[in-house]
>>> print(open('input.cif').read())   # mmCIF, C-alpha atoms and all ligand atoms
data_final
loop_
_atom_site.label_atom_id
_atom_site.label_comp_id
_atom_site.auth_asym_id
_atom_site.auth_seq_id
_atom_site.Cartn_x
_atom_site.Cartn_y
_atom_site.Cartn_z
CA MET B 276 -12.92 294.21 22.46
CA ASN B 277 -10.59 291.23 22.51
CA VAL B 278 -8.05 290.65 19.75
CA SER B 279 -9.91 287.76 18.07
CA LYS B 280 -13.07 289.87 17.81
CA ALA B 281 -11.14 292.76 16.30
CA ILE B 282 -9.54 290.42 13.75
CA GLU B 283 -12.86 288.82 12.88
CA GLN B 284 -14.76 292.09 12.59
CA ARG B 285 -12.18 294.04 10.59
CA ARG B 286 -13.12 294.28 6.95
CA ALA B 287 -11.93 296.48 4.12
CA VAL B 288 -14.70 299.08 4.27
CA LYS B 289 -15.03 301.31 1.22
CA ALA B 290 -17.79 303.81 2.17
CA TYR B 291 -17.37 306.28 5.03
CA ASP B 292 -19.36 309.06 6.65
CA PRO B 293 -17.58 312.15 5.26
CA ASP B 294 -18.96 314.37 8.06
CA HIS B 295 -17.49 312.38 10.92
CA ARG B 296 -14.49 314.01 12.57
CA MET B 297 -11.99 312.10 14.64
CA SER B 298 -10.68 313.89 17.71
CA GLU B 299 -6.99 314.66 18.05
CA PRO B 300 -6.66 312.42 21.17
CA GLU B 301 -8.18 309.52 19.18
CA ILE B 302 -5.72 310.08 16.34
CA GLU B 303 -2.83 310.18 18.79
CA ARG B 304 -4.06 307.05 20.55
CA LEU B 305 -4.26 305.15 17.26
CA LEU B 306 -0.83 306.26 16.10
CA SER B 307 0.79 305.60 19.45
CA LEU B 308 -0.60 302.04 19.43
CA ALA B 309 0.65 301.53 15.87
CA MET B 310 4.08 302.68 17.01
CA LEU B 311 4.24 299.77 19.45
CA ALA B 312 4.33 297.35 16.50
CA PRO B 313 7.56 295.44 15.98
CA THR B 314 10.18 296.62 13.48
CA ALA B 315 13.35 295.02 12.18
CA TRP B 316 16.20 295.93 14.56
CA ASN B 317 13.75 298.35 16.22
CA ILE B 318 14.50 300.77 13.39
CA GLN B 319 10.94 302.16 13.26
CA HIS B 320 11.28 303.00 9.59
CA TRP B 321 7.74 304.33 9.50
CA ARG B 322 6.88 307.95 8.90
CA PHE B 323 3.10 308.26 9.20
CA VAL B 324 1.81 311.04 6.98
CA VAL B 325 -1.56 312.15 8.38
CA VAL B 326 -3.37 313.99 5.62
CA ARG B 327 -5.68 316.66 7.03
CA ASP B 328 -5.84 319.19 4.18
CA PRO B 329 -9.15 318.55 2.28
CA GLU B 330 -7.76 319.90 -0.97
CA LEU B 331 -4.75 317.60 -0.76
CA ARG B 332 -7.10 314.69 -0.03
CA GLN B 333 -8.99 315.49 -3.25
CA GLN B 334 -5.73 315.53 -5.21
CA ILE B 335 -4.67 312.23 -3.67
CA ARG B 336 -8.08 310.75 -4.46
CA ALA B 337 -7.60 311.73 -8.11
CA ALA B 338 -4.30 309.83 -8.03
CA ALA B 339 -6.07 306.83 -6.45
CA TRP B 340 -8.53 306.02 -9.20
CA GLY B 341 -11.14 308.22 -7.52
CA GLN B 342 -11.50 305.89 -4.55
CA ALA B 343 -13.86 307.58 -2.11
CA GLN B 344 -12.14 306.31 1.04
CA VAL B 345 -9.35 308.80 0.43
CA THR B 346 -11.57 311.84 0.97
CA ASP B 347 -14.40 310.39 3.05
CA ALA B 348 -12.57 308.50 5.78
CA SER B 349 -12.03 310.52 8.97
CA LEU B 350 -8.34 309.69 8.94
CA LEU B 351 -6.04 309.06 6.00
CA VAL B 352 -2.60 307.81 6.93
CA ILE B 353 0.02 307.42 4.22
CA MET B 354 2.42 304.83 5.52
CA THR B 355 5.84 305.93 4.30
CA ALA B 356 9.19 304.46 5.26
CA ASP B 357 12.67 305.91 5.54
CA LEU B 358 14.90 303.45 3.67
CA GLN B 359 18.00 304.98 5.23
CA ALA B 360 16.68 304.93 8.79
CA TRP B 361 19.08 302.13 9.64
CA LYS B 362 21.96 304.58 9.14
CA LYS B 363 20.45 307.58 10.91
CA GLU B 364 21.77 307.83 14.50
CA PRO B 365 21.24 304.08 14.91
CA ALA B 366 22.46 303.96 18.52
CA ARG B 367 19.07 305.33 19.59
CA TYR B 368 17.38 302.13 18.42
CA PHE B 369 19.32 300.19 21.01
CA GLU B 370 18.88 302.55 23.92
CA GLY B 371 18.84 300.68 27.19
CA ALA B 372 21.34 298.07 26.04
CA ASP B 373 24.76 298.09 27.69
CA ASP B 374 27.66 299.51 25.64
CA LYS B 375 29.04 296.13 24.64
CA THR B 376 25.66 294.87 23.40
CA LYS B 377 25.02 298.16 21.65
CA ASP B 378 28.34 297.95 19.78
CA TRP B 379 27.60 294.37 18.80
CA LEU B 380 24.13 295.27 17.55
CA LEU B 381 25.41 298.25 15.54
CA THR B 382 28.09 296.15 13.85
CA ALA B 383 25.69 293.27 13.18
CA MET B 384 23.03 295.58 11.76
CA ASN B 385 25.53 297.25 9.44
CA GLN B 386 26.73 293.90 8.16
CA PHE B 387 23.13 292.81 7.70
CA TYR B 388 22.11 295.78 5.54
CA GLU B 389 25.28 297.07 3.86
CA GLY B 390 25.04 296.59 0.10
CA ARG B 391 21.70 294.77 0.35
CA GLU B 392 19.25 297.38 -0.86
CA TRP B 393 16.57 294.74 -1.39
CA LEU B 394 16.71 293.81 2.28
CA GLN B 395 16.71 297.44 3.42
CA ARG B 396 13.53 297.91 1.40
CA ASP B 397 11.91 294.60 2.37
CA ASP B 398 12.38 295.29 6.07
CA ALA B 399 10.99 298.81 5.76
CA VAL B 400 7.91 297.43 3.99
CA LYS B 401 7.45 294.59 6.48
CA SER B 402 7.68 296.98 9.41
CA CYS B 403 5.12 299.35 7.85
CA ALA B 404 2.76 296.51 6.97
CA ILE B 405 2.72 295.22 10.54
CA ALA B 406 2.12 298.77 11.80
CA ALA B 407 -0.73 299.14 9.31
CA MET B 408 -2.42 296.03 10.69
CA THR B 409 -1.86 297.22 14.24
CA LEU B 410 -3.46 300.54 13.31
CA MET B 411 -6.47 298.79 11.76
CA LEU B 412 -7.03 296.52 14.76
CA ALA B 413 -6.68 299.45 17.16
CA ALA B 414 -9.23 301.36 15.05
CA GLN B 415 -11.61 298.41 15.28
CA GLU B 416 -11.43 298.53 19.06
CA LEU B 417 -12.19 302.27 19.06
CA GLY B 418 -15.35 301.63 17.01
CA TYR B 419 -13.93 302.55 13.61
CA ASP B 420 -13.60 300.74 10.33
CA SER B 421 -10.64 300.82 8.00
CA CYS B 422 -9.28 300.05 4.57
CA PRO B 423 -5.69 299.24 3.60
CA MET B 424 -4.94 300.62 0.15
CA ASP B 425 -2.29 300.58 -2.51
CA GLY B 426 -4.46 301.30 -5.51
CA PHE B 427 -2.88 304.62 -6.38
CA ASP B 428 -0.16 306.21 -8.47
CA PHE B 429 2.85 306.02 -6.13
CA ASP B 430 4.88 308.64 -8.00
CA ALA B 431 2.00 311.13 -8.15
CA VAL B 432 1.23 310.75 -4.44
CA GLY B 433 4.92 311.03 -3.60
CA LYS B 434 5.05 314.37 -5.40
CA LEU B 435 1.90 315.61 -3.65
CA ILE B 436 3.35 314.95 -0.19
CA ASN B 437 6.95 315.99 -1.00
CA LEU B 438 8.22 312.51 -0.28
CA PRO B 439 11.95 312.68 0.48
CA LYS B 440 14.23 310.87 -2.02
CA ASP B 441 15.27 308.20 0.48
CA HIS B 442 11.69 307.39 1.54
CA ILE B 443 9.06 305.17 -0.04
CA ILE B 444 5.30 305.01 0.22
CA THR B 445 4.20 301.53 1.30
CA MET B 446 0.42 301.91 1.50
CA PHE B 447 -2.49 304.00 2.79
CA VAL B 448 -4.68 303.20 5.75
CA ALA B 449 -8.08 304.90 5.69
CA ILE B 450 -10.01 304.90 8.97
CA GLY B 451 -13.50 306.19 9.66
CA LYS B 452 -17.14 305.52 10.42
CA ALA B 453 -18.62 303.10 7.91
CA ALA B 454 -21.46 304.49 5.82
CA ALA B 455 -22.10 301.06 4.30
CA PRO B 456 -20.92 297.60 5.33
CA ALA B 457 -18.12 295.83 3.51
CA ARG B 458 -19.07 293.53 0.67
CA PRO B 459 -19.47 289.86 1.61
CA ARG B 460 -16.09 288.27 2.12
CA GLY B 461 -14.32 287.12 -1.01
CA GLY B 462 -13.40 283.48 -1.40
CA LYS B 463 -11.02 282.30 1.28
CA LEU B 464 -8.43 279.63 0.58
CA GLY B 465 -8.72 276.41 2.50
CA MET B 466 -6.10 275.49 5.09
CA SER B 467 -4.93 272.63 2.88
CA GLU B 468 -3.71 275.14 0.28
CA ALA B 469 -2.60 277.98 2.51
CA VAL B 470 -0.75 276.01 5.18
CA VAL B 471 2.32 273.93 4.44
CA ARG B 472 3.44 271.42 7.03
CA ASP B 473 7.22 271.32 7.27
CA ARG B 474 8.05 271.66 3.54
CA PHE B 475 6.51 271.97 0.11
CA ALA B 476 5.79 268.69 -1.64
C1 LIG E 1 -1.73 295.81 0.20
C2 LIG E 1 -3.22 295.98 0.06
C3 LIG E 1 -3.70 296.90 -0.85
C4 LIG E 1 -5.08 297.11 -0.97
N1 LIG E 1 -5.54 298.11 -1.80
C5 LIG E 1 -6.86 298.39 -1.80
C6 LIG E 1 -7.34 299.50 -2.51
O1 LIG E 1 -6.60 300.25 -3.16
N2 LIG E 1 -8.66 299.75 -2.48
C7 LIG E 1 -9.54 298.97 -1.77
O2 LIG E 1 -10.73 299.26 -1.78
N3 LIG E 1 -9.10 297.91 -1.06
C8 LIG E 1 -7.80 297.60 -1.05
N4 LIG E 1 -7.34 296.57 -0.30
C9 LIG E 1 -8.30 295.77 0.48
C10 LIG E 1 -8.45 294.35 -0.07
O3 LIG E 1 -9.18 294.38 -1.27
C11 LIG E 1 -9.17 293.51 1.00
O4 LIG E 1 -8.39 293.51 2.17
C12 LIG E 1 -9.40 292.08 0.52
O5 LIG E 1 -10.31 292.06 -0.55
C13 LIG E 1 -9.96 291.20 1.63
O6 LIG E 1 -11.12 291.78 2.21
P1 LIG E 1 -11.23 292.03 3.78
O7 LIG E 1 -10.05 292.86 4.18
O8 LIG E 1 -12.54 292.75 3.97
O9 LIG E 1 -11.21 290.69 4.44
C14 LIG E 1 -5.98 296.34 -0.17
C15 LIG E 1 -5.46 295.41 0.74
C16 LIG E 1 -4.10 295.25 0.88
C17 LIG E 1 -3.58 294.30 1.92
#
>>> encode(input="input.cif", output="structure tokens")
Amino acid sequence: MNVSKAIEQRRAVKAYDPDHRMSEPEIERLLSLAMLAPTAWNIQHWRFVVVRDPELRQQIRAAAWGQAQVTDASLLVIMTADLQAWKKEPARYFEGADDKTKDWLLTAMNQFYEGREWLQRDDAVKSCAIAAMTLMLAAQELGYDSCPMDGFDFDAVGKLINLPKDHIITMFVAIGKAAAPARPRGGKLGMSEAVVRDRFA
């Protein structure tokens, strides 16, 4: 499947075959493709929580307004991010660079993030969001459907998965075999509203 087809065919599917099981190699393939997504400074803030335990899935579903995707999708990935990843052995993010470049990057990254919690968080969220899309497009190619989700109680889910204090949950991605097609597409904005040429009027 080419990329345009995957983009066109991906829809937020809500109903999944609860009996379908995804193989471990498929799960690894999907996650390894998602991990090729770009991240700010190559920090790879993402920590993908793959929820396998059916009882935990039920508890998470209860914290997600009962949305069936949480229990019925073959794969539920909670996209979490380590907000402090930029400080954790950062030299490894620049592996392959020569020592001078590495030093420059480390200094520049520190200056970029130090004292700017909003930016630390924004970049972690951006990196996870791009990975989520990568995961959904990869799923499409493997013959699966998906649903991005943030309709849940973030604090409750954090407790259920023992989310570390310096991590956040960004969203869920549910992936599985559709049991019913997505609803017809909602209204799409026209280019004239969504695209700004050069500057706002
Ligand atoms: C950040 C985010 C959160 C979302 N949360 C939910 C959700 O909790 N439940 C759900 O069914 N769909 C959720 N969606 C899916 C959107 O409703 C869907 O993408 C949108 O209506 C457009 O439909 P399409 O993806 O099929 O084109 C979410 C999408 C995004 C990007």
>>> residues_around(input="input.cif", residues="segment 312-325 of chain B", least_positions_apart="4", cutoff="6 Å", atoms="all atoms listed in the file", output="ChimeraX atom specification")
/B:351-357,360,368,399,402-403,406
>>> residues_around(input="input.cif", residues="segment 292-308 of chain B", least_positions_apart="4", cutoff="10 Å", atoms="only C-alpha atoms", output="NGL selection string")
:B and (312 or 323 or 325 or 343-344 or 346-350 or 352 or 406-407 or 409-414 or 416-417 or 419 or 450-455)
>>> residues_near_ligand(input="input.cif", ligand="ligand LIG 1 (chain E)", cutoff="7 Å", atoms="all atoms listed in the file", output="NGL selection string")
:B and (285-289 or 422-427 or 446 or 457 or 460-461)
>>> atom_distance(input="input.cif", atom1="atom CA of Val400 of chain B", atom2="atom CA of Leu358 of chain B")
9.2 Å
>>> closest_residue(input="input.cif", among="B:Ala476, B:Val345, B:Ala383, B:Val432", to="Gln333 of chain B", atoms="only C-alpha atoms")
B:Val345
>>> closest_residue(input="input.cif", among="B:Leu381, B:Asp430, B:Ala469, B:Ile405", to="Leu311 of chain B", atoms="only C-alpha atoms")
B:Ile405
>>> closest_residue(input="input.cif", among="B:Ala309, B:Ala281, B:Leu435, B:Met276", to="Val448 of chain B", atoms="all atoms listed in the file")
B:Ala309
>>> atom_distance(input="input.cif", atom1="atom CA of Arg332 of chain B", atom2="atom CA of Lys401 of chain B")
25.7 Å
>>> closest_residue(input="input.cif", among="B:Leu394, B:Met384, B:Val278, B:Met408", to="Ala449 of chain B", atoms="all atoms listed in the file")
B:Met408
>>> closest_residue(input="input.cif", among="B:Gln359, B:Asp420, B:Lys377, B:Pro459", to="Pro439 of chain B", atoms="all atoms listed in the file")
B:Gln359
>>> closest_residue(input="input.cif", among="B:Ala366, B:Ala337, B:Met466, B:Ala431", to="Ile444 of chain B", atoms="only C-alpha atoms")
B:Ala431
>>> atom_distance(input="input.cif", atom1="atom CA of Gly390 of chain B", atom2="atom CA of Gly433 of chain B")
25.0 Å
